[in-house]
Amino acid sequence: MSKYSVLVVDDEAAQREALSGFLKKKGYQVSTAQSGKEAIEKVKNAPIDLVLTDLRMPDADGMEVLQKTKEVNPDVDVIVMTAFGSIEGATNAMKDGAIDFITKPIDLGQLEMTLTRALERKQLISENKRLRQLVDERLQFGGIITKSRIMEEALSIASRAAFSKATILITGESGTGKELVAKAIHFASPRAEQPFIAVNMAALPENLVESELFGHEKGAFTGADKLRKGRFEMANKGTLFIDEVGDVPLNTQVKLLRVLQEQQFERVGSAEPIRVDVRVIAATNRSLEEMVRNGTFREDFYYRLNVVKIHLPALRERRADIPLLVNHFLKKFAKINSKDISGISKEAMDLLMKYDYPGNVRELENIIEQSVVLCRDDVITTADLPPHVRGEKIGMDQFDIENGTFQERVEAFEKRLITDALQKANGVQTRAAEILGMSERHLRYKLQKYGMK
């Protein structure tokens with residue numbers, strides 16, 4: 001908030017000072033201009049995120065401020081202030097590029113909400129630009145790092161589905177690139193300029209799932225001290241990516257099914273329906289078909305998600321891509337870490353080709369990053385690879401799986417697997433859960449159960 005700068009433009013000194021004082025108290029960086037001409041000069045000479053301008057002023061009116069501001073920097077947002085009887089002029093300003101308007105006398109609560117929406121919009125645009133760059137670098141349908149037929153088939157489905165409005169279900173083991181494919185679909189679709197919002201269901205406490213998805217009203221529950229938009233509302237006109245959809249609680253599945261069918265929902269604590277236009281892409285590393293048979297996943301919800309299905313192969317199923325990916329990640333991390341590394345030894349590549357990658361492409365990326373950081377020469381050798389890739393077992397002898405009751409031996413084996421996964425993931429629980437093929441919520445339960453840190 002402190003870096004978000006607002007220029008208040010009004011020829012009435014009292015109004016200008018009142019708005020300026022209010023916005024400063026809310027944490028904005030505020031500058032003022034008493035005329036349209038002064039405002040245009042300030043936009044030219046200082047970094048401004050948003051211009052809040054009166055529509056009617058004597059020298060240069062709000063429409064001219066809008067026009068000149070967009071000429072100087074199209075990324076600057078403009079909100080116009082207008083008397084109630086001049087709303088037609090405000091709507092014309094919105095047609096010319098203003099993002100919103102507010103009527104005089106100014107309701108400060110409405111002003112704060114309007115600026116909050118503008119800030120969220122700017123942050124989403126900035127994030128989408130970053131995501132677009134990431135996808136361009138890592139995952140274009142025509143330029144993905146692969147020569148595997150099975151991967152090319154999956155990407156062919158994704159590219160064809162991108163232009164539709166259909167719900168998409170992406171399946172595959174953890175680390176196979178499900179979120180990257182979802183982003184590629186979004187940026188290849190007609191919704192590319194709209195928000196891409198992601199939510200990981202496995203990382204959410206069950207009692208907060210509905211609030212995260214649908215938002216909540218102020219006072220809806222203990223701790224709900226203000227109105228909060230949910231992910232569906234944030235993704236309006238764009239794409240919502242629901243990762244680990246198999247972890248959605250059954251009672252929430254009913255509400256999600258309704259949103260997919262009717263494109264509307266209610267915030268927690270409200271009965272007022274909110275309509276949205278959201279394209280949903282879901283992903284899972286679990287068998288939803290088996291969950292349907294077990295009664296832990298609704299059949300109607302599954303079929304609503306599974307309109308277009310894309311299955312991403314595990315890295316061990318596309319081993320021919322390993323050398324391509326290794327070279328790509330090597331160049332990437334050598335540049336990031338300013339290291340002059342020209343390649344990888346034949347012996348090290350042989351080990352990488354034989355390794356099974358329970359964490360898939362994400363694990364390979366982590367392995368190469370670690371190897372680049374630790375490499376002391378201009379070529380990565382076997383000594384630079386992590387011990388588990390070299391076949392060495394570390395930190396595994398503190399749990400006795402040979403003695404004790406059956407239950408004690410099972411628990412000791414679980415502890416051993418969890419410890420090994422945490423070591424491979426450098427202590428990052430999300431990565432460890434992916435390596436183990438379980439949800440992060442399930443891993444946290446196991447760590448608490450066994451008193452492990």
# chains A, B, ... in the order shown; residues from 1 in each chain; ligands from 1
>>> residues_around(residues="stretch 160-171 of chain A", least_positions_apart="4", cutoff="7 Å", atoms="only C-alpha atoms", output="PDB file with N, CA and C atoms, in the first residue's frame")
ATOM      1  N   SER A 156      -1.356 -30.999 -27.159  1.00  0.00           N
ATOM      2  CA  SER A 156      -2.268 -30.808 -28.283  1.00  0.00           C
ATOM      3  C   SER A 156      -3.700 -30.646 -27.783  1.00  0.00           C
ATOM      4  N   LYS A 178       1.266 -29.335 -13.801  1.00  0.00           N
ATOM      5  CA  LYS A 178      -0.169 -29.115 -13.996  1.00  0.00           C
ATOM      6  C   LYS A 178      -0.521 -27.625 -13.956  1.00  0.00           C
ATOM      7  N   ILE A 185      -2.881 -22.597 -20.861  1.00  0.00           N
ATOM      8  CA  ILE A 185      -4.236 -22.610 -21.412  1.00  0.00           C
ATOM      9  C   ILE A 185      -4.872 -21.228 -21.262  1.00  0.00           C
ATOM     10  N   HIS A 186      -4.725 -20.645 -20.078  1.00  0.00           N
ATOM     11  CA  HIS A 186      -5.309 -19.320 -19.832  1.00  0.00           C
ATOM     12  C   HIS A 186      -4.761 -18.279 -20.803  1.00  0.00           C
ATOM     13  N   ALA A 188      -3.397 -18.686 -23.637  1.00  0.00           N
ATOM     14  CA  ALA A 188      -3.702 -18.965 -25.044  1.00  0.00           C
ATOM     15  C   ALA A 188      -5.185 -18.765 -25.338  1.00  0.00           C
ATOM     16  N   SER A 189      -5.971 -18.419 -24.304  1.00  0.00           N
ATOM     17  CA  SER A 189      -7.428 -18.313 -24.447  1.00  0.00           C
ATOM     18  C   SER A 189      -7.854 -16.871 -24.665  1.00  0.00           C
ATOM     19  N   PRO A 190      -9.116 -16.639 -25.016  1.00  0.00           N
ATOM     20  CA  PRO A 190      -9.621 -15.270 -25.146  1.00  0.00           C
ATOM     21  C   PRO A 190      -9.629 -14.506 -23.823  1.00  0.00           C
ATOM     22  N   ARG A 279     -13.871 -19.220 -15.904  1.00  0.00           N
ATOM     23  CA  ARG A 279     -13.508 -20.517 -16.491  1.00  0.00           C
ATOM     24  C   ARG A 279     -12.685 -21.285 -15.453  1.00  0.00           C
ATOM     25  N   VAL A 280     -13.120 -22.492 -15.108  1.00  0.00           N
ATOM     26  CA  VAL A 280     -12.463 -23.292 -14.072  1.00  0.00           C
ATOM     27  C   VAL A 280     -11.576 -24.354 -14.696  1.00  0.00           C
ATOM     28  N   ILE A 281     -10.324 -24.389 -14.227  1.00  0.00           N
ATOM     29  CA  ILE A 281      -9.409 -25.480 -14.549  1.00  0.00           C
ATOM     30  C   ILE A 281      -9.036 -26.131 -13.220  1.00  0.00           C
ATOM     31  N   ALA A 282      -9.272 -27.418 -13.096  1.00  0.00           N
ATOM     32  CA  ALA A 282      -8.964 -28.138 -11.859  1.00  0.00           C
ATOM     33  C   ALA A 282      -7.824 -29.115 -12.112  1.00  0.00           C
ATOM     34  N   ALA A 283      -7.125 -29.476 -11.041  1.00  0.00           N
ATOM     35  CA  ALA A 283      -6.007 -30.420 -11.169  1.00  0.00           C
ATOM     36  C   ALA A 283      -5.951 -31.317  -9.946  1.00  0.00           C
ATOM     37  N   THR A 284      -5.455 -32.519 -10.145  1.00  0.00           N
ATOM     38  CA  THR A 284      -5.311 -33.451  -9.033  1.00  0.00           C
ATOM     39  C   THR A 284      -4.243 -34.484  -9.351  1.00  0.00           C
ATOM     40  N   ASN A 285      -3.606 -34.987  -8.285  1.00  0.00           N
ATOM     41  CA  ASN A 285      -2.686 -36.118  -8.444  1.00  0.00           C
ATOM     42  C   ASN A 285      -3.314 -37.397  -7.902  1.00  0.00           C
ATOM     43  N   LEU A 305     -16.551 -31.407 -13.730  1.00  0.00           N
ATOM     44  CA  LEU A 305     -15.143 -31.001 -13.888  1.00  0.00           C
ATOM     45  C   LEU A 305     -14.500 -31.637 -15.112  1.00  0.00           C
ATOM     46  N   ASN A 306     -14.858 -32.881 -15.384  1.00  0.00           N
ATOM     47  CA  ASN A 306     -14.157 -33.699 -16.364  1.00  0.00           C
ATOM     48  C   ASN A 306     -14.739 -33.529 -17.770  1.00  0.00           C
ATOM     49  N   VAL A 307     -14.969 -32.289 -18.196  1.00  0.00           N
ATOM     50  CA  VAL A 307     -15.460 -32.053 -19.561  1.00  0.00           C
ATOM     51  C   VAL A 307     -14.333 -32.304 -20.554  1.00  0.00           C
ATOM     52  N   VAL A 308     -13.168 -31.708 -20.278  1.00  0.00           N
ATOM     53  CA  VAL A 308     -11.954 -31.995 -21.060  1.00  0.00           C
ATOM     54  C   VAL A 308     -10.895 -32.472 -20.078  1.00  0.00           C
ATOM     55  N   LYS A 309     -10.335 -33.643 -20.334  1.00  0.00           N
ATOM     56  CA  LYS A 309      -9.327 -34.205 -19.428  1.00  0.00           C
ATOM     57  C   LYS A 309      -7.966 -34.209 -20.104  1.00  0.00           C
ATOM     58  N   ILE A 310      -6.967 -33.723 -19.385  1.00  0.00           N
ATOM     59  CA  ILE A 310      -5.585 -33.713 -19.871  1.00  0.00           C
ATOM     60  C   ILE A 310      -4.734 -34.450 -18.850  1.00  0.00           C
ATOM     61  N   HIS A 311      -4.097 -35.530 -19.259  1.00  0.00           N
ATOM     62  CA  HIS A 311      -3.220 -36.275 -18.341  1.00  0.00           C
ATOM     63  C   HIS A 311      -1.766 -35.989 -18.685  1.00  0.00           C
ATOM     64  N   LEU A 312      -1.005 -35.530 -17.693  1.00  0.00           N
ATOM     65  CA  LEU A 312       0.411 -35.233 -17.894  1.00  0.00           C
ATOM     66  C   LEU A 312       1.258 -36.414 -17.436  1.00  0.00           C
TER      67      LEU A 312
END
>>> select_by_dssp(residues="stretch 108-303 of chain A", states="alpha helix (DSSP H)", output="PyMOL selection string")
chain A and resi 108-138+149-161+178-187+209-214+231-234+250-262+288-294+299-303
>>> closest_residue(among="A:Thr252, A:Lys226, A:Ile197, A:Leu417", to="A:Glu210", atoms="only C-alpha atoms")
A:Thr252
>>> closest_residue(among="A:Leu180, A:Val248, A:Ala433, A:Val78", to="A:Leu204", atoms="only C-alpha atoms")
A:Val248
>>> closest_residue(among="A:Asn337, A:Thr430, A:Ser345, A:Gln29", to="A:Glu369", atoms="only C-alpha atoms")
A:Asn337
>>> select_by_dssp(residues="stretch 291-396 of chain A", states="strand (DSSP E or B)", output="list in words")
Val308, Lys309, Ile310, His311, Gly343, Ile344, Val379 and Ile380 of chain A
>>> atom_distance(atom1="atom CA of A:Glu127", atom2="atom CA of A:Gly177")
18.9 Å
>>> closest_residue(among="A:Asn426, A:Ala235, A:Leu240, A:Glu411", to="A:Gly451", atoms="only C-alpha atoms")
A:Glu411
>>> residues_around(residues="A:Glu266", least_positions_apart="5", cutoff="10 Å", atoms="only C-alpha atoms", output="PyMOL selection string")
chain A and resi 214-217+255+259+271-275
>>> write_last_selection(atoms="N, CA and C atoms", output="mmCIF file, in the first residue's frame")
data_model
loop_
_atom_site.group_PDB
_atom_site.id
_atom_site.type_symbol
_atom_site.label_atom_id
_atom_site.label_comp_id
_atom_site.auth_asym_id
_atom_site.auth_seq_id
_atom_site.Cartn_x
_atom_site.Cartn_y
_atom_site.Cartn_z
ATOM 1 N N PHE A 214 -15.345 -18.322 -1.835
ATOM 2 C CA PHE A 214 -16.510 -17.466 -2.076
ATOM 3 C C PHE A 214 -16.450 -16.116 -1.369
ATOM 4 N N GLY A 215 -15.461 -15.927 -0.488
ATOM 5 C CA GLY A 215 -15.380 -14.686 0.263
ATOM 6 C C GLY A 215 -16.330 -14.688 1.448
ATOM 7 N N HIS A 216 -16.284 -13.631 2.257
ATOM 8 C CA HIS A 216 -17.190 -13.544 3.400
ATOM 9 C C HIS A 216 -17.552 -12.094 3.694
ATOM 10 N N GLU A 217 -18.667 -11.921 4.348
ATOM 11 C CA GLU A 217 -19.113 -10.607 4.786
ATOM 12 C C GLU A 217 -18.461 -10.268 6.131
ATOM 13 N N LYS A 255 -21.520 -26.895 -3.332
ATOM 14 C CA LYS A 255 -21.574 -25.467 -3.660
ATOM 15 C C LYS A 255 -20.761 -25.152 -4.910
ATOM 16 N N VAL A 259 -21.921 -23.431 -8.554
ATOM 17 C CA VAL A 259 -21.245 -22.308 -9.228
ATOM 18 C C VAL A 259 -20.946 -22.678 -10.676
ATOM 19 N N ALA A 271 -26.866 -13.781 1.844
ATOM 20 C CA ALA A 271 -27.802 -14.530 1.004
ATOM 21 C C ALA A 271 -27.946 -13.892 -0.365
ATOM 22 N N GLU A 272 -27.147 -12.849 -0.626
ATOM 23 C CA GLU A 272 -27.248 -12.140 -1.898
ATOM 24 C C GLU A 272 -26.386 -12.830 -2.955
ATOM 25 N N PRO A 273 -26.987 -13.297 -4.067
ATOM 26 C CA PRO A 273 -26.198 -13.992 -5.093
ATOM 27 C C PRO A 273 -25.289 -13.038 -5.848
ATOM 28 N N ILE A 274 -24.105 -13.517 -6.181
ATOM 29 C CA ILE A 274 -23.132 -12.759 -6.972
ATOM 30 C C ILE A 274 -22.871 -13.538 -8.244
ATOM 31 N N ARG A 275 -23.110 -12.918 -9.393
ATOM 32 C CA ARG A 275 -22.906 -13.587 -10.678
ATOM 33 C C ARG A 275 -21.473 -13.360 -11.150
#
>>> atom_distance(atom1="atom CA of A:Val373", atom2="atom CA of A:Ala314")
26.0 Å
>>> residues_around(residues="A:Arg56", least_positions_apart="2", cutoff="10 Å", atoms="only C-alpha atoms", output="PyMOL selection string")
chain A and resi 10-11+36+53-54+58-63+80-83+86+89
>>> residues_around(residues="A:Ser211", least_positions_apart="6", cutoff="8 Å", atoms="only C-alpha atoms", output="count of residues only")
3
>>> closest_residue(among="A:Glu152, A:Arg304, A:Ala383, A:Arg228", to="A:Glu262", atoms="only C-alpha atoms")
A:Arg304
>>> residues_around(residues="A:Ile48", least_positions_apart="3", cutoff="12 Å", atoms="only C-alpha atoms", output="PyMOL selection string")
chain A and resi 3-8+28-32+39-45+51-52+69-70+72-78
>>> closest_atom_pairs(of="stretch 99-200 of chain A", to="stretch 322-336 of chain A", cutoff="9 Å", atoms="only C-alpha atoms", output="tab-separated table")
residue	atom	partner	partner_atom	distance
A:Ile145	CA	A:Leu325	CA	6.6
A:Thr146	CA	A:Leu324	CA	7.3
A:Lys147	CA	A:Leu324	CA	8.8
>>> write_last_selection(atoms="C-alpha atoms", output="PDB file, in the first residue's frame")
ATOM      1  CA  ILE A 145      10.906 -28.542 -23.823  1.00  0.00           C
ATOM      2  CA  THR A 146       9.914 -31.997 -24.998  1.00  0.00           C
ATOM      3  CA  LYS A 147      10.335 -34.488 -27.794  1.00  0.00           C
TER       4      LYS A 147
END
>>> decode(residues="stretch 283-297 of chain A", atoms="N, CA and C atoms", output="mmCIF file, in the first residue's frame")
data_model
loop_
_atom_site.group_PDB
_atom_site.id
_atom_site.type_symbol
_atom_site.label_atom_id
_atom_site.label_comp_id
_atom_site.auth_asym_id
_atom_site.auth_seq_id
_atom_site.Cartn_x
_atom_site.Cartn_y
_atom_site.Cartn_z
ATOM 1 N N ALA A 283 -7.125 -29.476 -11.041
ATOM 2 C CA ALA A 283 -6.007 -30.420 -11.169
ATOM 3 C C ALA A 283 -5.951 -31.317 -9.946
ATOM 4 N N THR A 284 -5.455 -32.519 -10.145
ATOM 5 C CA THR A 284 -5.311 -33.451 -9.033
ATOM 6 C C THR A 284 -4.243 -34.484 -9.351
ATOM 7 N N ASN A 285 -3.606 -34.987 -8.285
ATOM 8 C CA ASN A 285 -2.686 -36.118 -8.444
ATOM 9 C C ASN A 285 -3.314 -37.397 -7.902
ATOM 10 N N ARG A 286 -4.616 -37.323 -7.581
ATOM 11 C CA ARG A 286 -5.323 -38.474 -7.034
ATOM 12 C C ARG A 286 -6.305 -39.023 -8.071
ATOM 13 N N SER A 287 -6.763 -40.251 -7.858
ATOM 14 C CA SER A 287 -7.747 -40.865 -8.762
ATOM 15 C C SER A 287 -9.139 -40.455 -8.304
ATOM 16 N N LEU A 288 -9.730 -39.479 -9.012
ATOM 17 C CA LEU A 288 -11.078 -39.053 -8.645
ATOM 18 C C LEU A 288 -12.096 -40.144 -8.908
ATOM 19 N N GLU A 289 -11.835 -40.978 -9.933
ATOM 20 C CA GLU A 289 -12.752 -42.089 -10.212
ATOM 21 C C GLU A 289 -12.836 -43.026 -9.003
ATOM 22 N N GLU A 290 -11.675 -43.331 -8.400
ATOM 23 C CA GLU A 290 -11.661 -44.198 -7.222
ATOM 24 C C GLU A 290 -12.344 -43.511 -6.039
ATOM 25 N N MET A 291 -12.130 -42.197 -5.911
ATOM 26 C CA MET A 291 -12.775 -41.457 -4.830
ATOM 27 C C MET A 291 -14.291 -41.446 -5.003
ATOM 28 N N VAL A 292 -14.760 -41.384 -6.248
ATOM 29 C CA VAL A 292 -16.204 -41.464 -6.505
ATOM 30 C C VAL A 292 -16.734 -42.823 -6.058
ATOM 31 N N ARG A 293 -15.998 -43.866 -6.382
ATOM 32 C CA ARG A 293 -16.421 -45.218 -5.976
ATOM 33 C C ARG A 293 -16.439 -45.358 -4.457
ATOM 34 N N ASN A 294 -15.504 -44.688 -3.777
ATOM 35 C CA ASN A 294 -15.411 -44.772 -2.316
ATOM 36 C C ASN A 294 -16.381 -43.826 -1.612
ATOM 37 N N GLY A 295 -17.058 -42.971 -2.381
ATOM 38 C CA GLY A 295 -18.002 -42.039 -1.786
ATOM 39 C C GLY A 295 -17.375 -40.809 -1.184
ATOM 40 N N THR A 296 -16.105 -40.541 -1.504
ATOM 41 C CA THR A 296 -15.424 -39.360 -0.961
ATOM 42 C C THR A 296 -15.373 -38.212 -1.973
ATOM 43 N N PHE A 297 -15.928 -38.431 -3.165
ATOM 44 C CA PHE A 297 -15.992 -37.372 -4.175
ATOM 45 C C PHE A 297 -17.308 -37.533 -4.925
#
